[in-house]
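Q: Dropping in run25.csv, with CSV, C-alpha atoms (C1' of nucleotides).
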```
chain,number,residue,atom,x,y,z
A,264,MET,CA,-20.1,142.6,63.8
A,265,ASN,CA,-21.5,140.2,66.3
A,266,GLU,CA,-19.9,139.6,69.7
A,267,ILE,CA,-18.3,136.3,69.9
A,268,LYS,CA,-16.1,134.4,72.3
A,269,LYS,CA,-12.7,134.8,70.7
A,270,PRO,CA,-11.3,131.6,69.4
A,271,THR,CA,-7.8,130.5,70.4
A,272,ILE,CA,-5.5,130.7,67.5
A,273,VAL,CA,-2.3,129.0,66.2
A,274,PHE,CA,-0.7,131.2,63.6
A,275,MET,CA,1.5,129.8,60.8
A,276,GLY,CA,3.5,132.2,58.6
A,277,THR,CA,6.9,133.6,57.7
A,278,PRO,CA,7.5,136.8,55.8
A,279,GLU,CA,6.5,140.5,56.3
A,280,ILE,CA,3.0,140.1,55.1
A,281,ALA,CA,2.4,137.4,57.7
A,282,GLU,CA,3.9,139.5,60.4
A,283,ILE,CA,1.4,142.3,59.7
A,284,VAL,CA,-1.5,139.9,59.7
A,285,LEU,CA,-0.3,138.4,63.0
A,286,GLU,CA,0.2,141.8,64.5
A,287,ASN,CA,-3.4,142.8,63.8
A,288,ILE,CA,-4.7,139.5,65.4
A,289,TYR,CA,-2.6,140.3,68.4
A,290,LEU,CA,-3.8,143.9,68.6
A,291,LYS,CA,-7.4,142.7,68.5
A,292,ASN,CA,-6.7,140.6,71.6
A,293,TYR,CA,-7.2,137.2,70.1
A,294,PRO,CA,-5.6,134.6,72.3
A,295,ILE,CA,-2.6,133.3,70.3
A,296,LEU,CA,-1.4,130.0,71.6
A,297,ALA,CA,1.7,129.8,69.4
A,298,VAL,CA,3.2,130.8,66.1
A,299,VAL,CA,4.8,128.4,63.7
A,300,THR,CA,7.4,129.8,61.3
A,301,GLN,CA,10.3,128.7,59.1
A,302,PRO,CA,13.6,127.7,60.8
A,303,ASP,CA,16.3,130.4,61.1
A,304,TYR,CA,18.5,130.9,58.1
A,305,GLN,CA,22.2,131.2,58.7
A,306,PRO,CA,24.0,133.0,55.9
A,307,LYS,CA,27.7,132.3,55.4
A,308,GLY,CA,30.0,134.9,56.8
A,309,LYS,CA,27.2,136.7,58.7
A,310,PRO,CA,27.5,136.7,62.5
A,311,ASP,CA,23.7,136.7,63.2
A,312,ASN,CA,21.0,134.3,62.2
A,313,LEU,CA,18.3,135.8,60.0
A,314,ILE,CA,15.1,135.2,61.7
A,315,SER,CA,11.7,135.5,60.1
A,316,PRO,CA,9.6,138.7,60.6
A,317,VAL,CA,7.0,136.5,62.2
A,318,LYS,CA,9.4,135.1,64.7
A,319,LYS,CA,10.7,138.6,65.5
A,320,LEU,CA,7.2,139.8,66.4
A,321,ALA,CA,6.5,136.7,68.4
A,322,LEU,CA,9.6,137.2,70.4
A,323,GLU,CA,8.6,140.7,71.1
A,324,LYS,CA,5.2,139.8,72.3
A,325,ASN,CA,6.2,136.7,74.2
A,326,ILE,CA,4.2,134.3,72.1
A,327,PRO,CA,5.5,130.7,72.0
A,328,ILE,CA,7.3,129.8,68.8
A,329,SER,CA,7.7,126.5,66.9
A,330,GLN,CA,10.1,126.2,64.0
A,331,PRO,CA,9.8,122.6,62.8
A,332,GLN,CA,12.0,121.3,60.0
A,333,ARG,CA,9.2,118.9,59.0
A,334,LEU,CA,5.6,118.8,59.9
A,335,ASP,CA,5.8,115.3,61.2
A,336,VAL,CA,4.1,113.2,63.9
A,337,ASP,CA,5.9,115.0,66.7
A,338,PHE,CA,4.7,118.3,65.4
A,339,LYS,CA,1.2,117.0,65.1
A,340,LYS,CA,1.1,115.8,68.7
A,341,TRP,CA,2.5,119.1,69.9
A,342,LEU,CA,-0.3,121.0,68.0
A,343,GLU,CA,-3.0,118.7,69.3
A,344,GLY,CA,-1.8,119.4,72.8
A,345,LEU,CA,-2.5,123.1,72.3
A,346,LYS,CA,-6.1,122.4,71.4
A,347,PRO,CA,-6.5,125.4,69.1
A,348,ASP,CA,-9.9,126.6,68.0
A,349,LEU,CA,-8.5,127.9,64.7
A,350,ILE,CA,-5.3,127.8,62.6
A,351,ILE,CA,-4.5,130.8,60.5
A,352,VAL,CA,-2.0,130.4,57.7
A,353,THR,CA,-0.4,133.3,55.9
A,354,ALA,CA,2.5,132.7,53.5
A,355,PHE,CA,3.9,129.9,55.6
A,356,GLY,CA,6.1,128.4,52.9
A,357,LYS,CA,5.5,124.7,53.5
A,358,ILE,CA,2.6,122.4,52.4
A,359,ILE,CA,0.6,121.5,55.5
A,360,PRO,CA,-0.8,117.9,55.7
A,361,LYS,CA,-4.5,117.7,56.0
A,362,GLU,CA,-4.4,115.8,59.3
A,363,ILE,CA,-2.9,118.9,60.8
A,364,LEU,CA,-5.4,121.2,59.1
A,365,ALA,CA,-8.2,119.1,60.6
A,366,ILE,CA,-7.1,119.5,64.2
A,367,PRO,CA,-8.8,122.8,65.2
A,368,LYS,CA,-12.5,122.9,66.1
A,369,HIS,CA,-13.1,125.7,63.6
A,370,LYS,CA,-10.7,124.3,61.0
A,371,SER,CA,-7.9,126.1,59.3
A,372,LEU,CA,-8.1,129.4,57.3
A,373,ASN,CA,-5.6,130.6,54.7
A,374,VAL,CA,-5.0,134.2,53.8
A,375,HIS,CA,-3.9,134.2,50.2
A,376,ALA,CA,-2.6,137.3,48.3
A,377,SER,CA,-4.7,136.9,45.1
A,378,LEU,CA,-8.2,136.9,43.9
A,379,LEU,CA,-8.7,133.1,43.8
A,380,PRO,CA,-9.1,131.1,41.7
A,381,LYS,CA,-6.6,133.3,39.9
A,382,LEU,CA,-2.9,132.9,40.8
A,383,ARG,CA,-3.0,129.9,43.1
A,384,GLY,CA,0.4,128.9,44.4
A,385,ALA,CA,3.6,130.2,46.0
A,386,SER,CA,4.2,133.7,44.5
A,387,PRO,CA,0.9,135.4,43.7
A,388,ILE,CA,2.2,138.9,44.3
A,389,GLN,CA,5.1,138.6,42.0
A,390,ASN,CA,3.0,137.0,39.3
A,391,ALA,CA,0.4,139.7,39.5
A,392,LEU,CA,3.2,142.1,38.7
A,393,THR,CA,5.0,140.1,36.0
A,394,ASN,CA,1.7,139.5,34.3
A,395,GLY,CA,1.0,143.3,34.3
A,396,MET,CA,-2.4,142.7,35.9
A,397,ALA,CA,-4.5,145.8,36.7
A,398,GLU,CA,-5.9,144.4,40.0
A,399,THR,CA,-5.4,141.7,42.5
A,400,GLY,CA,-6.5,141.2,46.1
A,401,ILE,CA,-6.8,139.0,49.1
A,402,THR,CA,-8.8,135.8,49.5
A,403,ILE,CA,-9.6,134.1,52.8
A,404,MET,CA,-10.5,130.5,52.4
A,405,LEU,CA,-10.8,127.2,54.1
A,406,MET,CA,-7.7,125.0,53.6
A,407,ASP,CA,-8.0,121.6,52.0
A,408,LYS,CA,-5.4,119.2,50.7
A,409,GLY,CA,-4.8,121.0,47.4
A,410,ILE,CA,-2.8,124.1,46.9
A,411,ASP,CA,-5.1,127.1,47.4
A,412,THR,CA,-8.1,125.1,46.2
A,413,GLY,CA,-10.2,125.5,49.3
A,414,ASP,CA,-13.7,127.1,49.6
A,415,ILE,CA,-13.7,130.9,49.7
A,416,LEU,CA,-15.0,132.8,52.8
A,417,SER,CA,-14.2,136.3,51.7
A,418,GLN,CA,-12.4,138.4,49.2
A,419,LYS,CA,-11.2,142.0,48.7
A,420,LYS,CA,-9.9,143.7,45.6
A,421,ILE,CA,-7.2,146.2,45.1
A,422,SER,CA,-6.0,147.9,42.0
A,423,ILE,CA,-2.3,147.8,41.0
A,424,GLU,CA,-0.7,151.2,40.4
A,425,SER,CA,1.9,151.5,37.7
A,426,GLU,CA,4.4,152.6,40.3
A,427,ASP,CA,3.7,149.6,42.6
A,428,ASP,CA,6.5,147.1,43.1
A,429,TYR,CA,6.7,144.0,45.2
A,430,VAL,CA,7.4,146.0,48.3
A,431,THR,CA,4.6,148.6,48.0
A,432,LEU,CA,2.1,146.1,46.8
A,433,THR,CA,2.9,143.6,49.6
A,434,GLY,CA,2.4,146.4,52.1
A,435,LYS,CA,-1.0,147.3,50.7
A,436,LEU,CA,-2.1,143.7,50.5
A,437,ALA,CA,-0.9,143.1,54.1
A,438,VAL,CA,-3.0,145.9,55.4
A,439,ILE,CA,-6.1,144.7,53.5
A,440,ALA,CA,-5.4,141.1,54.6
A,441,SER,CA,-5.2,141.9,58.3
A,442,HIS,CA,-8.5,143.8,58.2
A,443,LEU,CA,-10.3,141.3,56.1
A,444,LEU,CA,-9.2,138.5,58.4
A,445,ILE,CA,-10.5,140.3,61.5
A,446,ASP,CA,-13.8,140.9,59.8
A,447,THR,CA,-14.0,137.3,58.6
A,448,ILE,CA,-13.2,135.4,61.7
A,449,PRO,CA,-16.3,136.3,63.7
A,450,ASP,CA,-18.6,135.6,60.8
A,451,TRP,CA,-17.0,132.2,60.3
A,452,ILE,CA,-17.2,131.2,63.9
A,453,ASN,CA,-20.9,132.3,64.0
A,454,LYS,CA,-21.5,130.3,60.8
A,455,SER,CA,-22.9,133.3,59.1
A,456,ILE,CA,-20.7,132.7,56.1
A,457,THR,CA,-21.4,130.1,53.5
A,458,PRO,CA,-18.1,128.9,52.0
A,459,LYS,CA,-18.2,129.2,48.2
A,460,LYS,CA,-16.5,126.7,45.9
A,461,GLN,CA,-13.9,128.0,43.6
A,462,ASP,CA,-14.6,128.0,39.8
A,463,THR,CA,-11.9,125.6,38.8
A,464,ALA,CA,-12.3,126.5,35.1
A,465,GLN,CA,-11.0,130.0,35.9
A,466,ALA,CA,-8.1,128.8,37.9
A,467,THR,CA,-4.5,129.8,37.1
A,468,MET,CA,-1.4,128.6,38.9
A,469,CYS,CA,1.7,130.7,39.5
A,470,GLN,CA,5.0,129.0,39.1
A,471,LEU,CA,7.6,129.0,41.8
A,472,ILE,CA,10.2,131.7,41.1
A,473,GLU,CA,13.8,130.7,40.6
A,474,LYS,CA,16.9,132.8,40.6
A,475,SER,CA,17.3,132.2,36.9
A,476,ASP,CA,13.9,133.8,36.3
A,477,GLY,CA,15.7,137.1,37.0
A,478,LYS,CA,17.7,136.9,33.7
A,479,ILE,CA,16.7,139.6,31.3
A,480,ASN,CA,15.9,138.7,27.7
A,481,TRP,CA,16.5,141.9,25.7
A,482,THR,CA,14.1,140.8,23.0
A,483,GLU,CA,11.2,141.2,25.4
A,484,ASP,CA,9.1,144.3,25.6
A,485,ALA,CA,10.6,147.1,27.8
A,486,GLN,CA,7.4,147.1,29.8
A,487,ASP,CA,7.6,143.4,30.5
A,488,ILE,CA,11.2,143.8,31.6
A,489,TYR,CA,10.2,146.6,33.9
A,490,ASN,CA,7.3,144.5,35.3
A,491,LYS,CA,9.8,141.8,36.1
A,492,PHE,CA,11.9,144.3,37.9
A,493,ARG,CA,8.9,145.5,40.0
A,494,ALA,CA,8.0,141.9,40.8
A,495,PHE,CA,11.5,140.6,41.7
A,496,ARG,CA,12.5,143.8,43.7
A,497,VAL,CA,13.4,142.0,46.8
A,498,TRP,CA,14.3,138.6,45.4
A,499,PRO,CA,15.8,137.4,43.1
A,500,GLY,CA,16.4,140.7,41.4
A,501,ILE,CA,17.0,141.1,37.6
A,502,PHE,CA,20.3,140.7,35.9
A,503,THR,CA,22.0,140.5,32.6
A,504,PHE,CA,25.5,139.8,31.2
A,505,TRP,CA,28.2,142.2,30.0
A,506,GLU,CA,31.2,141.2,27.9
A,507,ASN,CA,34.1,143.2,29.2
A,508,LYS,CA,37.6,142.5,27.8
A,509,GLY,CA,36.5,139.1,26.8
A,510,ASN,CA,34.9,138.2,30.1
A,511,LEU,CA,31.2,137.7,30.6
A,512,GLN,CA,30.3,139.5,33.8
A,513,LYS,CA,27.0,139.4,35.6
A,514,ILE,CA,25.4,142.7,36.2
A,515,SER,CA,22.4,143.2,38.5
A,516,LEU,CA,20.0,146.1,37.7
A,517,ASN,CA,19.0,147.2,41.1
A,518,GLU,CA,17.2,150.4,40.2
A,519,ILE,CA,15.7,151.1,36.8
A,520,SER,CA,12.9,153.0,35.1
A,521,VAL,CA,11.3,152.6,31.7
A,522,GLU,CA,10.5,154.8,28.7
A,523,ILE,CA,7.9,153.3,26.4
A,524,ASN,CA,7.3,156.3,24.2
A,525,ILE,CA,10.2,155.7,21.8
A,526,SER,CA,11.6,158.6,19.8
A,527,GLY,CA,14.7,159.1,17.7
A,528,LYS,CA,17.0,156.4,16.5
A,529,ARG,CA,16.9,152.8,17.4
A,530,TYR,CA,19.8,150.7,18.6
A,531,HIS,CA,20.5,147.0,18.8
A,532,LEU,CA,18.4,145.1,21.3
A,533,GLY,CA,20.4,145.1,24.5
A,534,GLU,CA,22.7,148.0,23.4
A,535,ILE,CA,23.7,150.6,26.0
A,536,PHE,CA,23.5,154.2,24.8
A,537,ARG,CA,23.2,157.7,26.2
A,538,TYR,CA,19.5,158.3,26.1
A,539,SER,CA,19.8,161.9,27.2
A,540,ASP,CA,22.4,164.1,29.0
A,541,SER,CA,21.8,162.5,32.3
A,542,LYS,CA,20.2,159.1,31.4
A,543,ILE,CA,21.8,155.9,30.3
A,544,GLY,CA,19.4,153.7,28.4
A,545,ILE,CA,19.3,150.1,27.1
A,546,GLN,CA,17.3,149.3,24.0
A,547,ALA,CA,14.6,146.8,24.5
A,548,ASN,CA,11.6,145.9,22.3
A,549,ASN,CA,9.2,148.9,22.1
A,550,GLY,CA,11.0,151.0,24.7
A,551,VAL,CA,14.1,151.8,26.6
A,552,ILE,CA,15.2,150.7,30.1
A,553,ILE,CA,16.8,153.6,31.9
A,554,LEU,CA,19.5,152.6,34.4
A,555,GLY,CA,19.7,153.9,37.9
A,556,LYS,CA,21.7,151.7,40.2
A,557,ILE,CA,23.6,148.6,39.0
A,558,GLN,CA,25.9,146.1,40.5
A,559,LEU,CA,28.7,144.1,39.0
A,560,ALA,CA,29.1,140.6,40.4
A,561,GLY,CA,31.6,140.8,43.3
A,562,LYS,CA,31.3,144.5,43.6
A,563,ASN,CA,29.1,146.9,45.6
A,564,GLU,CA,26.1,148.5,44.1
A,565,THR,CA,26.8,151.8,42.3
A,566,SER,CA,24.9,154.5,40.4
A,567,VAL,CA,25.4,154.1,36.7
A,568,ASP,CA,27.2,157.5,36.6
A,569,ASP,CA,29.8,156.2,39.0
A,570,PHE,CA,30.1,153.0,37.1
A,571,LEU,CA,30.8,154.9,33.9
A,572,ASN,CA,33.7,156.7,35.6
A,573,GLY,CA,35.4,153.4,36.0
A,574,TYR,CA,34.1,151.6,32.9
A,575,PRO,CA,33.7,154.2,30.1
A,576,ASN,CA,33.5,151.4,27.5
A,577,PHE,CA,30.2,150.4,29.0
A,578,ILE,CA,28.3,152.6,26.6
A,579,GLY,CA,28.0,151.1,23.2
A,580,SER,CA,28.3,147.5,24.4
A,581,ILE,CA,25.5,145.0,23.9
A,582,LEU,CA,24.2,143.1,26.9
A,583,LYS,CA,23.4,139.5,26.7
B,241,C,C1',38.3,124.4,55.8
B,242,G,C1',32.1,124.8,49.7
B,243,C,C1',33.6,128.0,44.8
B,244,G,C1',34.9,132.8,43.0
B,245,G,C1',35.7,138.5,42.6
B,246,G,C1',37.4,142.6,45.4
B,247,G,C1',39.8,146.5,49.3
B,248,U,C1',44.6,152.2,45.6
B,249,A,C1',42.4,160.4,47.0
B,250,G,C1',35.3,162.1,48.5
B,251,A,C1',33.0,158.4,44.3
B,252,G,C1',33.9,154.7,40.3
B,253,C,C1',38.3,152.3,38.5
B,254,A,C1',43.5,151.2,36.1
B,255,G,C1',48.3,149.9,37.7
B,256,U,C1',50.1,144.0,40.5
B,257,C,C1',51.6,139.0,36.0
B,258,U,C1',57.3,141.4,34.5
B,259,G,C1',59.3,145.3,41.9
B,260,G,C1',61.8,151.4,40.1
B,261,C,C1',58.5,159.2,40.6
B,262,A,C1',51.0,157.3,42.9
B,263,G,C1',47.7,157.2,37.8
B,264,C,C1',42.6,157.7,34.8
B,265,U,C1',37.4,159.4,34.8
B,266,C,C1',34.1,162.1,38.0
B,267,G,C1',33.5,165.2,42.1
B,268,U,C1',35.6,169.3,45.0
B,269,C,C1',38.4,174.3,45.4
B,270,U,C1',40.6,178.7,42.7
B,271,G,C1',40.9,181.5,38.3
B,272,G,C1',39.5,182.4,33.1
B,273,C,C1',35.8,182.3,29.1
B,274,U,C1',30.4,182.8,28.5
B,275,C,C1',23.8,186.2,28.2
B,276,A,C1',24.0,181.4,30.4
B,277,U,C1',24.9,176.1,31.9
B,278,A,C1',25.5,169.4,34.3
B,279,A,C1',29.4,173.2,28.8
B,280,C,C1',34.6,174.7,27.7
B,281,C,C1',40.0,176.4,29.1
B,282,A,C1',43.9,176.8,33.0
B,283,G,C1',45.6,175.7,37.8
B,284,G,C1',45.3,173.5,42.9
B,285,A,C1',44.0,170.6,47.2
B,286,G,C1',43.1,165.8,48.6
B,287,G,C1',46.8,158.8,49.6
B,288,U,C1',48.6,154.6,56.1
B,289,C,C1',47.7,151.6,48.1
B,290,G,C1',42.7,147.2,54.2
B,291,C,C1',46.1,145.5,58.6
B,292,C,C1',50.6,142.9,60.5
B,293,G,C1',55.1,140.6,59.4
B,294,G,C1',58.9,138.8,55.7
B,295,U,C1',62.3,139.2,51.2
B,296,U,C1',64.9,143.4,48.7
B,297,C,C1',69.2,148.9,47.7
B,298,G,C1',64.0,149.7,46.7
B,299,A,C1',57.2,146.7,47.6
B,300,A,C1',50.5,149.0,45.8
B,301,U,C1',53.4,145.0,43.1
B,302,C,C1',56.8,139.1,45.4
B,303,C,C1',56.1,135.6,50.1
B,304,G,C1',53.3,134.4,54.9
B,305,G,C1',49.3,135.5,58.3
B,306,C,C1',44.9,138.3,59.6
B,307,C,C1',40.5,141.7,58.9
B,308,C,C1',36.5,143.5,56.0
B,309,C,C1',33.1,143.9,51.5
B,310,C,C1',30.6,141.4,47.5
B,311,G,C1',28.8,137.5,43.8
B,312,C,C1',27.5,132.2,43.4
B,313,A,C1',26.3,127.6,45.7
B,314,A,C1',23.4,125.8,50.0
```
Once you've parsed the file, please lay out its structure as structure tokens.
A:
Amino acid sequence: MNEIKKPTIVFMGTPEIAEIVLENIYLKNYPILAVVTQPDYQPKGKPDNLISPVKKLALEKNIPISQPQRLDVDFKKWLEGLKPDLIIVTAFGKIIPKEILAIPKHKSLNVHASLLPKLRGASPIQNALTNGMAETGITIMLMDKGIDTGDILSQKKISIESEDDYVTLTGKLAVIASHLLIDTIPDWINKSITPKKQDTAQATMCQLIEKSDGKINWTEDAQDIYNKFRAFRVWPGIFTFWENKGNLQKISLNEISVEINISGKRYHLGEIFRYSDSKIGIQANNGVIILGKIQLAGKNETSVDDFLNGYPNFIGSILK
RNA sequence: CGCGGGGUAGAGCAGUCUGGCAGCUCGUCUGGCUCAUAACCAGGAGGUCGCCGGUUCGAAUCCGGCCCCCGCAA
């Protein structure tokens, strides 16, 4: 790696993956002028504001913080005043106008958690999992006015293990992202990288996740249901409905596993049955979902064994 | 004052409407049975029924206030 004068950086990002990338930039002694992150979120009934992981780290390291509601004229003026050499964006969560992207001398780079042009958009990690993909990766690219359509500077692949879920995969990708970024910045400043156009014909877009996407359809393959569980681990989770004494009650499946080698008798799709002495299963297509921890709406999370002590009629019902 | 569910033994729940001995399943302890077991049989321990006040001969239950947990919406 060539020696360069380190560019001054404004970092824009919000969740854990952004925090890890930011931390590595900080540890490598890049001058960070400011971080920009989403406004604090105040949940009802909780005493404390939830602050983004990026903000938490910035507070710890005494880096100036901006949390604009909108990226408007005032924000632009503020940013111009900082005269950054480079903007780094990682999972920021808002679309950034191109006037802002154009401010830094060395433009704006985006760290995206997929192998572009695959999985452009807001939720690449979850979509890699729901699609059952065998590999994904990190792309660092120049930002333009489209969503993840900019020219590619560098990429790194990672294989997705069958036991990976959103948490573990995000962790792995974050580490790769932070290293790839540190390797890429000097080459970009030195102009020793030629940006590559994306092959638009190969592009796929990932849709924004909604809470309702967590609803389980018991006619789906067991493996697909399990993939959804892995992808939605942190949010929105997966859920189904149980008819108990005439009431439809929402049940979240917070901890499950899957058995795809089906043996023995089959049940109705969505039917709950005793899969073995210690396992409670739900029949899905081409496999069985094994319950670990579940949560009835309005109640605390419990193990399925505890749940059955209170609701013995659970076994034999059919989930909807 | 956004909408809704909940707080009962170590865990999960019923009982509350219609006030009248504190219950169920599991766990735990003791004993029995068994080659053996997360099995089976018998017995026991374990409760401030979230907190405060009110009504009543009598309150987990009815009335008023408060605290806490959770789901939805944002």
Q: For G283 in chain B, list every protein, DNA or RNA residue within 12 Å, evaluated using only C-alpha atoms (C1' of nucleotides), and leave out those in the same chain fewer than 5 positions away; present the list as a list in words.
A: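 Using only C-alpha atoms (C1' of nucleotides), the neighbours found are C269, U270, G271 and G272 of chain B.
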Q: Taking all atoms listed in the file into account, what are the residues of chain B at most 9 Å from chain A, put as a list in words?
A: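 Result: G244, G245, G246, A251, G252, C253, A254, C264, U265, C266, A278, C309, C310 and G311 of chain B.
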Q: What is the distance between CA of Phe338 in chain A and CA of Ser371 in chain A, in Å to one decimal?
A: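 Atom-to-atom, CA of Phe338 in chain A to CA of Ser371 in chain A, that is 16.0 Å.
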Q: For Lys340 in chain A, which residue among A:Ile366, A:Met275, A:Val352, A:Leu320 is the nearest when counting all atoms listed in the file?
A: A:Ile366
Q: Given all atoms listed in the file as the basis, pick out the residue of A:Gly533, A:Pro294, A:Pro449, A:Pro380 nearest to Thr271 in chain A.
A: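 Of all the options, A:Pro294 lies closest to Thr271 in chain A.
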Q: With all atoms listed in the file as the counted atoms, please give the residues lying no more than 12 Å from C243 in chain B, apart from itself and same-chain residues fewer than 3 positions off, as a PyMOL selection string.
A: chain B and resi 311-314
